[in-house]
$ cat model-v4.cif   # mmCIF, C-alpha atoms
data_model
#
loop_
_atom_site.label_atom_id
_atom_site.label_comp_id
_atom_site.auth_asym_id
_atom_site.auth_seq_id
_atom_site.Cartn_x
_atom_site.Cartn_y
_atom_site.Cartn_z
CA MET S 1 0.00 0.00 0.00
CA ARG S 2 1.39 3.38 -0.96
CA GLN S 3 1.79 5.78 1.93
CA ASN S 4 1.76 8.97 -0.06
CA THR S 5 -1.06 9.33 -2.56
CA ASN S 6 0.70 12.32 -4.13
CA THR S 7 3.55 10.12 -5.28
CA PRO S 8 3.33 9.46 -9.01
CA VAL S 9 2.36 5.94 -9.95
CA TYR S 10 5.49 4.37 -11.33
CA PHE S 11 5.31 1.95 -14.25
CA ASP S 12 8.88 2.42 -15.53
CA ASN S 13 10.52 -0.44 -13.70
CA ALA S 14 12.24 -1.71 -16.83
CA ALA S 15 14.37 1.44 -16.61
CA THR S 16 14.91 1.20 -12.88
CA SER S 17 12.67 -0.17 -10.18
CA PHE S 18 10.89 2.13 -7.76
CA PRO S 19 10.10 1.98 -4.96
CA LYS S 20 12.62 -0.39 -3.42
CA PRO S 21 11.78 -2.68 -0.54
CA GLU S 22 12.11 -0.88 2.80
CA SER S 23 14.86 -3.31 3.73
CA VAL S 24 16.97 -1.98 0.85
CA TYR S 25 16.74 1.61 2.09
CA ARG S 26 17.71 0.46 5.56
CA ALA S 27 20.65 -1.59 4.29
CA VAL S 28 22.06 1.31 2.29
CA GLN S 29 21.79 3.65 5.23
CA GLN S 30 23.28 1.11 7.61
CA ALA S 31 26.21 0.56 5.26
CA MET S 32 26.84 4.29 5.04
CA ARG S 33 26.50 4.90 8.75
CA GLN S 34 28.06 1.77 10.23
CA THR S 35 30.08 -0.25 7.72
CA GLY S 36 32.33 2.65 6.92
CA GLY S 37 35.61 1.16 5.78
CA ASN S 38 37.03 0.20 2.42
CA PRO S 39 36.86 -3.55 1.81
CA GLY S 40 40.26 -5.14 1.31
CA ARG S 41 42.11 -1.92 1.97
CA GLY S 42 42.92 -2.15 5.65
CA GLY S 43 43.23 -4.41 8.63
CA HIS S 44 41.04 -2.38 10.95
CA PRO S 45 37.56 -3.41 12.05
CA LEU S 46 35.63 -1.15 9.69
CA ALA S 47 37.55 -2.42 6.65
CA HIS S 48 36.82 -5.98 7.77
CA ARG S 49 33.18 -5.10 8.29
CA ALA S 50 32.97 -3.70 4.76
CA GLY S 51 34.74 -6.76 3.39
CA GLU S 52 32.27 -9.02 5.12
CA ALA S 53 29.32 -7.02 3.80
CA VAL S 54 30.58 -7.18 0.23
CA TYR S 55 31.37 -10.87 0.50
CA HIS S 56 27.91 -11.54 1.88
CA ALA S 57 26.46 -9.89 -1.21
CA ARG S 58 28.69 -12.05 -3.39
CA GLU S 59 27.36 -15.13 -1.64
CA THR S 60 23.78 -13.98 -2.11
CA ALA S 61 24.34 -13.41 -5.82
CA ALA S 62 26.23 -16.69 -6.12
CA GLY S 63 23.32 -18.51 -4.51
CA MET S 64 20.80 -16.82 -6.76
CA PHE S 65 22.67 -17.48 -10.01
CA ALA S 66 24.41 -20.78 -9.20
CA ALA S 67 27.93 -19.36 -9.27
CA GLU S 68 30.95 -19.27 -7.00
CA PRO S 69 31.14 -16.12 -4.84
CA GLU S 70 34.51 -15.15 -6.31
CA HIS S 71 33.02 -15.26 -9.79
CA VAL S 72 30.58 -12.49 -8.92
CA VAL S 73 31.91 -9.12 -10.06
CA PHE S 74 30.21 -5.95 -8.89
CA THR S 75 29.82 -3.27 -11.53
CA LEU S 76 28.17 0.12 -11.94
CA ASN S 77 25.29 -1.23 -14.01
CA CYS S 78 24.55 -3.83 -16.65
CA THR S 79 26.17 -1.78 -19.41
CA HIS S 80 29.41 -1.70 -17.43
CA ALA S 81 29.23 -5.46 -16.90
CA LEU S 82 28.59 -6.06 -20.60
CA ASN S 83 31.53 -3.84 -21.55
CA LEU S 84 33.78 -5.84 -19.24
CA ALA S 85 32.57 -9.04 -20.85
CA VAL S 86 32.61 -7.95 -24.48
CA HIS S 87 35.89 -6.04 -24.47
CA GLY S 88 37.45 -8.57 -22.13
CA LEU S 89 36.65 -11.52 -24.34
CA LEU S 90 36.81 -10.44 -27.96
CA HIS S 91 39.95 -10.21 -30.05
CA GLN S 92 40.92 -9.20 -33.56
CA GLY S 93 39.20 -11.35 -36.15
CA ASP S 94 36.54 -12.85 -33.91
CA HIS S 95 33.10 -13.48 -35.35
CA VAL S 96 30.24 -12.43 -33.11
CA ILE S 97 26.47 -12.85 -33.29
CA ILE S 98 23.98 -10.56 -31.58
CA SER S 99 20.20 -10.48 -31.88
CA ASN S 100 18.24 -7.80 -33.68
CA HIS S 101 16.57 -6.85 -30.39
CA GLU S 102 19.73 -5.92 -28.50
CA HIS S 103 19.90 -2.87 -26.30
CA ASN S 104 22.58 -0.33 -27.16
CA SER S 105 24.57 -1.68 -24.21
CA VAL S 106 25.45 -4.54 -26.55
CA ALA S 107 24.61 -3.16 -30.00
CA ARG S 108 26.81 -0.06 -29.78
CA GLN S 109 29.79 -2.05 -28.55
CA ALA S 110 29.33 -4.61 -31.29
CA ALA S 111 28.88 -1.94 -33.95
CA ALA S 112 31.96 -0.03 -32.79
CA LEU S 113 34.10 -3.17 -32.78
CA ALA S 114 32.80 -4.14 -36.22
CA ASP S 115 33.26 -0.62 -37.64
CA SER S 116 36.85 -0.56 -36.48
CA GLY S 117 37.51 -3.91 -38.13
CA ILE S 118 38.15 -5.80 -34.92
CA ILE S 119 35.24 -8.22 -35.15
CA ARG S 120 32.96 -9.51 -37.86
CA LEU S 121 29.37 -9.14 -36.81
CA SER S 122 26.20 -11.02 -37.67
CA VAL S 123 22.76 -10.01 -36.47
CA ALA S 124 20.21 -12.73 -35.83
CA ASN S 125 16.53 -12.02 -36.34
CA VAL S 126 14.24 -12.79 -33.43
CA PHE S 127 10.95 -14.46 -34.35
CA PRO S 128 7.83 -15.03 -32.27
CA GLU S 129 8.49 -18.75 -32.43
CA ASP S 130 11.44 -19.93 -30.36
CA ASP S 131 12.35 -22.67 -32.83
CA ARG S 132 12.77 -20.15 -35.64
CA THR S 133 14.90 -17.89 -33.47
CA VAL S 134 17.14 -20.77 -32.43
CA ALA S 135 17.42 -21.89 -36.06
CA GLU S 136 18.47 -18.37 -37.02
CA PHE S 137 21.30 -18.36 -34.46
CA ARG S 138 22.33 -21.84 -35.60
CA ARG S 139 22.36 -20.69 -39.22
CA LEU S 140 24.70 -17.79 -38.43
CA LEU S 141 27.15 -19.78 -36.31
CA ARG S 142 30.54 -20.42 -37.91
CA PRO S 143 33.58 -22.35 -36.76
CA ASP S 144 35.26 -19.04 -35.85
CA THR S 145 32.28 -17.59 -33.97
CA ARG S 146 33.81 -16.50 -30.69
CA ALA S 147 30.63 -15.37 -28.96
CA VAL S 148 26.91 -15.02 -29.10
CA ILE S 149 25.81 -11.98 -27.12
CA CYS S 150 22.13 -11.95 -26.50
CA MET S 151 19.53 -10.56 -24.16
CA LEU S 152 17.29 -12.85 -22.15
CA VAL S 153 14.29 -10.56 -22.48
CA SER S 154 13.65 -7.70 -24.89
CA ASN S 155 13.52 -4.44 -22.98
CA VAL S 156 11.11 -3.10 -25.63
CA THR S 157 8.51 -5.82 -26.04
CA GLY S 158 9.26 -8.09 -23.11
CA GLN S 159 9.69 -11.06 -25.43
CA ILE S 160 11.61 -13.85 -23.75
CA LEU S 161 14.31 -15.13 -26.03
CA PRO S 162 14.97 -18.89 -26.04
CA TYR S 163 18.21 -18.45 -24.15
CA ARG S 164 18.53 -22.02 -22.94
CA GLN S 165 18.27 -23.35 -26.47
CA ILE S 166 20.66 -20.68 -27.75
CA ALA S 167 23.10 -21.70 -25.03
CA ALA S 168 22.86 -25.31 -26.15
CA VAL S 169 23.56 -24.34 -29.75
CA CYS S 170 26.57 -22.32 -28.60
CA ARG S 171 27.86 -25.17 -26.49
CA ALA S 172 27.70 -27.54 -29.46
CA ASN S 173 29.71 -25.05 -31.52
CA LYS S 174 32.19 -24.31 -28.68
CA THR S 175 31.07 -20.70 -28.81
CA ALA S 176 30.89 -18.50 -25.73
CA PHE S 177 27.44 -17.28 -24.73
CA LEU S 178 27.28 -13.89 -23.01
CA ALA S 179 23.81 -13.08 -21.72
CA ASP S 180 22.33 -9.67 -21.03
CA GLY S 181 20.00 -10.34 -18.13
CA ALA S 182 18.99 -6.73 -17.46
CA GLN S 183 15.30 -7.44 -18.02
CA GLY S 184 15.19 -11.12 -17.17
CA CYS S 185 16.88 -11.34 -13.80
CA GLY S 186 14.44 -10.97 -10.96
CA VAL S 187 11.44 -12.21 -12.94
CA LEU S 188 12.82 -15.38 -14.51
CA PRO S 189 14.62 -18.21 -12.70
CA VAL S 190 17.89 -17.46 -14.49
CA THR S 191 21.07 -19.22 -13.38
CA LEU S 192 24.36 -20.16 -15.00
CA GLN S 193 22.91 -23.65 -15.30
CA ASP S 194 20.95 -22.23 -18.22
CA GLY S 195 24.21 -22.50 -20.11
CA MET S 196 25.69 -19.04 -20.43
CA GLN S 197 29.33 -18.53 -19.49
CA ILE S 198 28.79 -14.90 -18.52
CA LEU S 199 25.60 -13.37 -17.19
CA CYS S 200 25.45 -9.60 -16.92
CA THR S 201 22.65 -7.83 -15.17
CA ALA S 202 21.57 -4.63 -13.54
CA GLY S 203 21.21 -4.49 -9.80
CA HIS S 204 18.72 -1.64 -9.83
CA LYS S 205 15.93 -3.19 -11.91
CA GLY S 206 14.34 -6.52 -11.11
CA MET S 207 16.65 -7.13 -8.19
CA TYR S 208 15.52 -3.97 -6.41
CA GLY S 209 18.98 -2.70 -5.57
CA PRO S 210 20.05 0.94 -5.75
CA ALA S 211 21.06 2.68 -8.96
CA GLY S 212 24.78 2.35 -9.57
CA THR S 213 24.83 -1.41 -9.08
CA GLY S 214 25.26 -4.21 -11.56
CA LEU S 215 26.69 -7.69 -11.76
CA LEU S 216 28.91 -9.73 -14.01
CA ILE S 217 28.60 -13.38 -13.08
CA SER S 218 31.00 -15.84 -14.64
CA ASP S 219 31.16 -19.60 -14.63
CA GLY S 220 34.93 -19.20 -14.44
CA THR S 221 35.69 -20.81 -17.79
CA LEU S 222 36.47 -17.65 -19.77
CA ALA S 223 39.48 -15.44 -19.14
CA LEU S 224 38.46 -11.80 -19.51
CA GLU S 225 41.10 -9.16 -20.12
CA PRO S 226 40.56 -6.25 -17.73
CA LEU S 227 39.04 -3.12 -19.20
CA MET S 228 40.51 -1.00 -16.42
CA GLN S 229 43.48 -1.33 -14.11
CA GLY S 230 43.90 -0.07 -10.61
CA GLY S 231 44.07 -0.85 -6.95
CA THR S 232 42.48 -4.03 -5.72
CA GLY S 233 43.99 -4.42 -2.26
CA SER S 234 45.61 -7.62 -3.49
CA LEU S 235 49.11 -8.29 -4.87
CA SER S 236 49.79 -4.62 -4.30
CA ALA S 237 53.52 -4.87 -4.96
CA SER S 238 52.88 -5.83 -8.56
CA LEU S 239 52.24 -3.33 -11.34
CA GLU S 240 50.15 -5.94 -13.11
CA GLN S 241 46.44 -6.29 -12.57
CA PRO S 242 45.64 -9.53 -10.72
CA ASP S 243 44.43 -12.19 -13.13
CA PHE S 244 41.89 -13.79 -10.79
CA LEU S 245 38.28 -12.86 -10.24
CA PRO S 246 36.83 -10.72 -8.89
CA ASP S 247 39.94 -8.57 -8.44
CA ALA S 248 40.86 -8.64 -12.13
CA LEU S 249 37.66 -6.79 -13.03
CA GLU S 250 37.06 -4.79 -9.86
CA PRO S 251 39.76 -2.12 -9.67
CA GLY S 252 39.06 0.76 -7.34
CA THR S 253 36.79 1.05 -4.37
CA VAL S 254 33.48 -0.73 -4.84
CA ASN S 255 30.11 0.81 -4.05
CA VAL S 256 29.69 -0.68 -0.58
CA PRO S 257 26.34 1.00 0.28
CA GLY S 258 24.97 0.11 -3.14
CA ILE S 259 26.18 -3.47 -2.85
CA ALA S 260 24.67 -3.77 0.62
CA GLY S 261 21.38 -2.52 -0.81
CA LEU S 262 21.64 -4.90 -3.74
CA ASP S 263 22.32 -7.78 -1.36
CA THR S 264 19.10 -6.97 0.46
CA GLY S 265 17.21 -6.54 -2.81
CA MET S 266 18.35 -9.96 -3.98
CA GLN S 267 17.28 -11.46 -0.67
CA TYR S 268 13.88 -9.83 -1.15
CA VAL S 269 13.55 -11.40 -4.60
CA LYS S 270 14.70 -14.76 -3.29
CA GLN S 271 12.23 -14.65 -0.44
CA LYS S 272 9.35 -13.58 -2.67
CA GLY S 273 10.36 -15.89 -5.52
CA THR S 274 10.86 -15.01 -9.17
CA GLU S 275 7.89 -17.15 -10.20
CA ARG S 276 5.56 -15.27 -7.88
CA ILE S 277 6.95 -11.91 -8.98
CA PHE S 278 6.56 -12.94 -12.62
CA MET S 279 2.94 -14.01 -12.12
CA GLN S 280 2.01 -10.93 -10.13
CA GLU S 281 3.48 -8.52 -12.68
CA THR S 282 2.18 -10.54 -15.63
CA ALA S 283 -1.33 -10.31 -14.20
CA LEU S 284 -1.02 -6.53 -14.28
CA CYS S 285 0.24 -6.64 -17.86
CA ASP S 286 -2.66 -8.88 -18.84
CA ARG S 287 -5.04 -6.43 -17.19
CA LEU S 288 -3.51 -3.57 -19.15
CA ILE S 289 -3.66 -5.52 -22.41
CA ALA S 290 -7.33 -6.37 -21.83
CA GLY S 291 -8.04 -2.68 -21.37
CA LEU S 292 -5.98 -1.64 -24.37
CA ARG S 293 -7.87 -4.12 -26.55
CA LYS S 294 -11.04 -2.17 -25.86
CA MET S 295 -9.40 0.94 -27.27
CA PRO S 296 -9.79 0.78 -31.07
CA ASP S 297 -6.67 2.79 -31.84
CA ALA S 298 -4.32 0.91 -29.52
CA VAL S 299 -1.57 -1.21 -31.04
CA ILE S 300 0.02 -3.73 -28.69
CA TYR S 301 3.44 -5.02 -29.71
CA ARG S 302 2.95 -8.65 -28.86
CA GLN S 303 2.73 -11.56 -31.25
CA PRO S 304 1.00 -14.90 -30.98
CA GLY S 305 3.39 -17.72 -30.22
CA ALA S 306 5.92 -15.59 -28.36
CA ARG S 307 6.53 -15.73 -24.62
CA TYR S 308 6.66 -12.49 -22.69
CA ALA S 309 8.07 -11.16 -19.47
CA PRO S 310 6.03 -8.46 -17.70
CA VAL S 311 6.71 -5.56 -20.09
CA VAL S 312 4.15 -4.20 -22.57
CA SER S 313 4.87 -1.86 -25.46
CA PHE S 314 2.00 -0.08 -27.17
CA THR S 315 1.04 2.96 -29.21
CA LEU S 316 -2.23 4.84 -29.48
CA GLY S 317 -3.34 5.72 -32.99
CA ARG S 318 -1.63 8.78 -34.35
CA GLU S 319 -0.57 10.03 -30.94
CA LYS S 320 3.21 9.92 -30.72
CA PRO S 321 4.55 7.78 -27.88
CA ASP S 322 6.26 10.82 -26.36
CA GLU S 323 2.92 12.64 -26.36
CA THR S 324 1.16 9.72 -24.72
CA ALA S 325 3.83 9.51 -22.03
CA ALA S 326 3.66 13.26 -21.43
CA ARG S 327 -0.13 13.11 -21.16
CA LEU S 328 0.18 10.28 -18.66
CA ALA S 329 2.88 12.11 -16.70
CA ALA S 330 0.56 15.10 -16.39
CA GLN S 331 -1.94 12.73 -14.78
CA GLY S 332 0.61 11.27 -12.40
CA PHE S 333 1.79 8.15 -14.21
CA CYS S 334 5.42 7.37 -15.04
CA VAL S 335 6.11 5.36 -18.18
CA ARG S 336 8.91 5.52 -20.69
CA ALA S 337 8.31 6.36 -24.33
CA GLY S 338 10.63 6.32 -27.30
CA LEU S 339 13.24 3.86 -28.46
CA HIS S 340 14.27 2.54 -25.04
CA CYS S 341 17.92 2.55 -26.21
CA ALA S 342 17.12 -0.34 -28.53
CA PRO S 343 16.98 1.03 -32.10
CA LEU S 344 17.50 -2.40 -33.64
CA ALA S 345 14.34 -3.68 -32.01
CA HIS S 346 12.33 -0.74 -33.32
CA ARG S 347 13.65 -1.31 -36.83
CA ALA S 348 12.40 -4.86 -36.52
CA LEU S 349 9.05 -3.73 -35.13
CA GLY S 350 8.60 -0.90 -37.63
CA THR S 351 8.21 1.70 -34.90
CA PRO S 352 10.58 4.55 -35.80
CA SER S 353 9.01 6.85 -33.20
CA GLY S 354 9.21 4.15 -30.60
CA THR S 355 6.54 2.87 -28.27
CA VAL S 356 5.07 3.54 -24.86
CA ARG S 357 6.42 1.00 -22.41
CA PHE S 358 4.48 -0.19 -19.38
CA SER S 359 6.67 -2.09 -16.94
CA PRO S 360 5.26 -2.87 -13.49
CA SER S 361 7.07 -4.05 -10.41
CA CYS S 362 5.82 -6.26 -7.63
CA PHE S 363 4.76 -3.11 -5.77
CA ASN S 364 2.18 -2.09 -8.37
CA THR S 365 -1.49 -2.96 -7.96
CA GLU S 366 -4.57 -3.72 -10.02
CA ALA S 367 -6.10 -0.45 -8.88
CA GLU S 368 -3.10 1.46 -10.22
CA THR S 369 -3.35 -0.39 -13.51
CA ASP S 370 -7.05 0.43 -13.80
CA ALA S 371 -6.31 4.08 -13.04
CA PHE S 372 -3.59 4.01 -15.69
CA LEU S 373 -6.12 2.73 -18.24
CA ARG S 374 -8.59 5.46 -17.28
CA ALA S 375 -5.86 8.06 -17.73
CA LEU S 376 -5.04 6.63 -21.15
CA ARG S 377 -8.64 7.13 -22.25
CA VAL S 378 -8.58 10.83 -21.34
CA GLN S 379 -7.87 12.41 -24.69
CA PRO S 380 -6.46 15.96 -24.89
CA MET F 1 50.45 -27.43 15.86
CA GLU F 2 49.77 -24.26 13.88
CA THR F 3 49.49 -23.69 10.17
CA HIS F 4 50.36 -20.36 8.61
CA PHE F 5 49.45 -19.16 5.14
CA THR F 6 48.44 -15.99 3.35
CA VAL F 7 45.64 -15.17 0.95
CA SER F 8 46.07 -12.13 -1.22
CA SER F 9 42.53 -11.04 -2.01
CA ALA F 10 39.82 -9.83 0.33
CA THR F 11 37.26 -12.01 -1.42
CA PHE F 12 39.24 -15.18 -0.94
CA ALA F 13 40.09 -14.14 2.60
CA GLU F 14 36.39 -13.95 3.39
CA LYS F 15 35.79 -17.26 1.65
CA THR F 16 38.63 -18.81 3.66
CA LYS F 17 37.25 -17.45 6.93
CA GLN F 18 33.88 -18.98 6.19
CA LEU F 19 35.41 -22.25 5.13
CA LEU F 20 37.57 -22.57 8.23
CA SER F 21 34.62 -21.66 10.44
CA ARG F 22 32.40 -24.20 8.72
CA TYR F 23 34.95 -26.94 9.38
CA ARG F 24 35.34 -25.73 12.96
CA PHE F 25 38.99 -24.78 12.73
CA ARG F 26 40.25 -22.26 15.26
CA PHE F 27 42.07 -19.48 13.47
CA GLN F 28 43.18 -15.88 13.49
CA VAL F 29 43.51 -13.58 10.50
CA GLN F 30 45.51 -10.41 10.16
CA LYS F 31 46.04 -7.98 7.29
CA VAL F 32 49.75 -7.79 6.60
CA THR F 33 52.08 -6.25 4.04
CA GLY F 34 54.45 -8.79 2.58
CA SER F 35 56.79 -8.92 -0.37
CA ALA F 36 53.87 -9.26 -2.77
CA GLY F 37 51.96 -6.44 -1.11
CA CYS F 38 48.82 -6.57 0.97
CA ALA F 39 47.63 -9.98 2.10
CA TYR F 40 45.64 -11.73 4.78
CA GLN F 41 47.76 -13.89 7.06
CA PHE F 42 45.95 -16.84 8.58
CA THR F 43 47.09 -18.75 11.62
CA VAL F 44 45.13 -21.97 12.05
CA SER F 45 45.33 -24.25 15.07
CA ALA F 46 45.58 -27.48 13.09
CA GLU F 47 47.90 -29.71 11.12
CA PRO F 48 49.09 -28.21 7.81
CA ALA F 49 48.08 -31.28 5.86
CA ALA F 50 44.45 -30.97 6.91
CA VAL F 51 44.29 -27.24 6.32
CA PHE F 52 46.03 -27.23 2.96
CA ALA F 53 43.98 -30.18 1.74
CA LEU F 54 40.84 -28.20 2.49
CA LEU F 55 42.12 -25.05 0.80
CA THR F 56 43.21 -26.98 -2.25
CA ALA F 57 39.92 -28.84 -2.48
CA GLN F 58 38.06 -25.54 -2.35
CA ARG F 59 40.43 -23.91 -4.87
CA ILE F 60 41.54 -21.19 -2.49
CA PRO F 61 44.70 -19.53 -3.86
CA TYR F 62 47.02 -19.41 -0.85
CA GLN F 63 50.70 -18.94 -0.23
CA THR F 64 52.61 -20.67 2.54
CA CYS F 65 54.57 -18.43 4.87
#
$ encode --input "model-v4.cif" --output "structure tokens"
Amino acid sequence: MRQNTNTPVYFDNAATSFPKPESVYRAVQQAMRQTGGNPGRGGHPLAHRAGEAVYHARETAAGMFAAEPEHVVFTLNCTHALNLAVHGLLHQGDHVIISNHEHNSVARQAAALADSGIIRLSVANVFPEDDRTVAEFRRLLRPDTRAVICMLVSNVTGQILPYRQIAAVCRANKTAFLADGAQGCGVLPVTLQDGMQILCTAGHKGMYGPAGTGLLISDGTLALEPLMQGGTGSLSASLEQPDFLPDALEPGTVNVPGIAGLDTGMQYVKQKGTERIFMQETALCDRLIAGLRKMPDAVIYRQPGARYAPVVSFTLGREKPDETAARLAAQGFCVRAGLHCAPLAHRALGTPSGTVRFSPSCFNTEAETDAFLRALRVQP
Amino acid sequence: METHFTVSSATFAEKTKQLLSRYRFRFQVQKVTGSAGCAYQFTVSAEPAAVFALLTAQRIPYQTC
């Protein structure tokens, strides 16, 4: 139940989740007020306390994603994690496959590497039917394909990509599979057992951590060259970056309050259960879709045969998505409109002006969704 | 009998602390500066063979003192 009725109703959780569980706010504040020290940078009690807090978060993430704690790397966000993975793995001459729904966090990196002649890039079309999508990835695989880099869930339409099958295809070809879990983690039961070698995700979306947190989770089989060098508190006499995780990819002081908040957010998700969160949010999406279907000018970007996570993209007749979002904002509703940093997906959808994206969290309610639909019907 | 070893990273130091606690070893840990730089020096009240077998089995990168 919302305490403050003047607070805008927030349906932009695919960008970042809000509100966070109360336990997350408390954990961040406690870390700032009491943890204090810099993990791994001293022998005093506050440094130890910080080290224990960060390690606890590693254990929580490791438990959630079936990894070893030392293979959990804390990052600023999912884009940072993906940059560590992509630039750390790829070398001159590698062939890489991405999907045509990728967020710019992957697509811009891939395009830049291809434009500069470092990699050769193929783009796989995503179809409503999983079998066709998997066949497309299989068709594009070559003996020299170093990596498939692919999102678990489209941040535009919410379509769930067949990531387990794609992982199996990669495994058969001895190709690395790097997964962008920004929209899938927290609502799908994703673990490394699904077959990816690297899973990157945001901490501040479905895992209810603070902004400025992300994760790179490795199965430990791929050596990633560091993107940055710096202090790690380990092997300090050497001018070389340590080659072991997480130190290799975690130079500089980590975001202890953010990580403490993320730890608590992950515990919240674990306690509530991704299946329950998925069903609760999907019910709100279904409610929205049922309402949109009664509006003759609404176009909903979902296709029969596809599976969807709780994200809905739509447009209303000739009203531009930005105008729809502005109209909703004036009535107290927060949604994102536009391209959602995923131009490839909009090329595929044929939506050059983008869409309006409705993305609930487990804190949203049916009443809020009904009010959102009423606000949509109020024409200027 | 005591066993001494160092672990260079904070993450592995925490993992080692948990591991030793789980197996009910009595130990102390201290942050020290050695020839390789900062490290965590463990002193465990147990036979080296038992301790090092555990560390090796759990893939803890350690250095003997």
$ closest_residue --input "model-v4.cif" --among "S:Phe314, S:Phe244, S:Glu225, S:Thr213" --to "S:Pro257" --atoms "only C-alpha atoms"
S:Thr213
$ resolve_selection --input "model-v4.cif" --expression "the PyMOL selection byres ((chain S) within 7 of (chain F))" --output "PDB file with C-alpha atoms, in the frame of the given file"
ATOM      1  CA  GLY S  40      40.260  -5.140   1.310  1.00  0.00           C
ATOM      2  CA  GLY S  42      42.920  -2.150   5.650  1.00  0.00           C
ATOM      3  CA  GLY S  43      43.230  -4.410   8.630  1.00  0.00           C
ATOM      4  CA  GLY S  51      34.740  -6.760   3.390  1.00  0.00           C
ATOM      5  CA  GLU S  52      32.270  -9.020   5.120  1.00  0.00           C
ATOM      6  CA  TYR S  55      31.370 -10.870   0.500  1.00  0.00           C
ATOM      7  CA  GLU S  70      34.510 -15.150  -6.310  1.00  0.00           C
ATOM      8  CA  GLY S 233      43.990  -4.420  -2.260  1.00  0.00           C
ATOM      9  CA  SER S 234      45.610  -7.620  -3.490  1.00  0.00           C
ATOM     10  CA  LEU S 235      49.110  -8.290  -4.870  1.00  0.00           C
ATOM     11  CA  SER S 236      49.790  -4.620  -4.300  1.00  0.00           C
ATOM     12  CA  ALA S 237      53.520  -4.870  -4.960  1.00  0.00           C
ATOM     13  CA  SER S 238      52.880  -5.830  -8.560  1.00  0.00           C
TER      14      SER S 238
END
$ resolve_selection --input "model-v4.cif" --expression "the PyMOL selection byres ((chain S and resi 273) around 12)" --output "PyMOL selection string"
chain S and resi 64+185-190+206-207+265-272+274-280+362
$ write_last_selection --input "model-v4.cif" --atoms "C-alpha atoms" --output "PDB file, in the frame of the given file"
ATOM      1  CA  MET S  64      20.800 -16.820  -6.760  1.00  0.00           C
ATOM      2  CA  CYS S 185      16.880 -11.340 -13.800  1.00  0.00           C
ATOM      3  CA  GLY S 186      14.440 -10.970 -10.960  1.00  0.00           C
ATOM      4  CA  VAL S 187      11.440 -12.210 -12.940  1.00  0.00           C
ATOM      5  CA  LEU S 188      12.820 -15.380 -14.510  1.00  0.00           C
ATOM      6  CA  PRO S 189      14.620 -18.210 -12.700  1.00  0.00           C
ATOM      7  CA  VAL S 190      17.890 -17.460 -14.490  1.00  0.00           C
ATOM      8  CA  GLY S 206      14.340  -6.520 -11.110  1.00  0.00           C
ATOM      9  CA  MET S 207      16.650  -7.130  -8.190  1.00  0.00           C
ATOM     10  CA  GLY S 265      17.210  -6.540  -2.810  1.00  0.00           C
ATOM     11  CA  MET S 266      18.350  -9.960  -3.980  1.00  0.00           C
ATOM     12  CA  GLN S 267      17.280 -11.460  -0.670  1.00  0.00           C
ATOM     13  CA  TYR S 268      13.880  -9.830  -1.150  1.00  0.00           C
ATOM     14  CA  VAL S 269      13.550 -11.400  -4.600  1.00  0.00           C
ATOM     15  CA  LYS S 270      14.700 -14.760  -3.290  1.00  0.00           C
ATOM     16  CA  GLN S 271      12.230 -14.650  -0.440  1.00  0.00           C
ATOM     17  CA  LYS S 272       9.350 -13.580  -2.670  1.00  0.00           C
ATOM     18  CA  THR S 274      10.860 -15.010  -9.170  1.00  0.00           C
ATOM     19  CA  GLU S 275       7.890 -17.150 -10.200  1.00  0.00           C
ATOM     20  CA  ARG S 276       5.560 -15.270  -7.880  1.00  0.00           C
ATOM     21  CA  ILE S 277       6.950 -11.910  -8.980  1.00  0.00           C
ATOM     22  CA  PHE S 278       6.560 -12.940 -12.620  1.00  0.00           C
ATOM     23  CA  MET S 279       2.940 -14.010 -12.120  1.00  0.00           C
ATOM     24  CA  GLN S 280       2.010 -10.930 -10.130  1.00  0.00           C
ATOM     25  CA  CYS S 362       5.820  -6.260  -7.630  1.00  0.00           C
TER      26      CYS S 362
END
$ atom_distance --input "model-v4.cif" --atom1 "atom CA of S:Tyr10" --atom2 "atom CA of S:Gly317"
23.4 Å
$ atom_distance --input "model-v4.cif" --atom1 "atom CA of S:Cys150" --atom2 "atom CA of S:Leu349"
17.7 Å
$ resolve_selection --input "model-v4.cif" --expression "the PyMOL selection byres ((chain S and resi 118-120) around 7)" --output "ChimeraX atom specification"
/S:91-96,113-114,116-117,121-122
$ atom_distance --input "model-v4.cif" --atom1 "atom CA of F:Phe5" --atom2 "atom CA of F:Thr64"
4.4 Å
$ closest_residue --input "model-v4.cif" --among "S:Leu284, S:Val123, S:Val256, S:Ala27" --to "S:Ala107" --atoms "all atoms listed in the file"
S:Val123
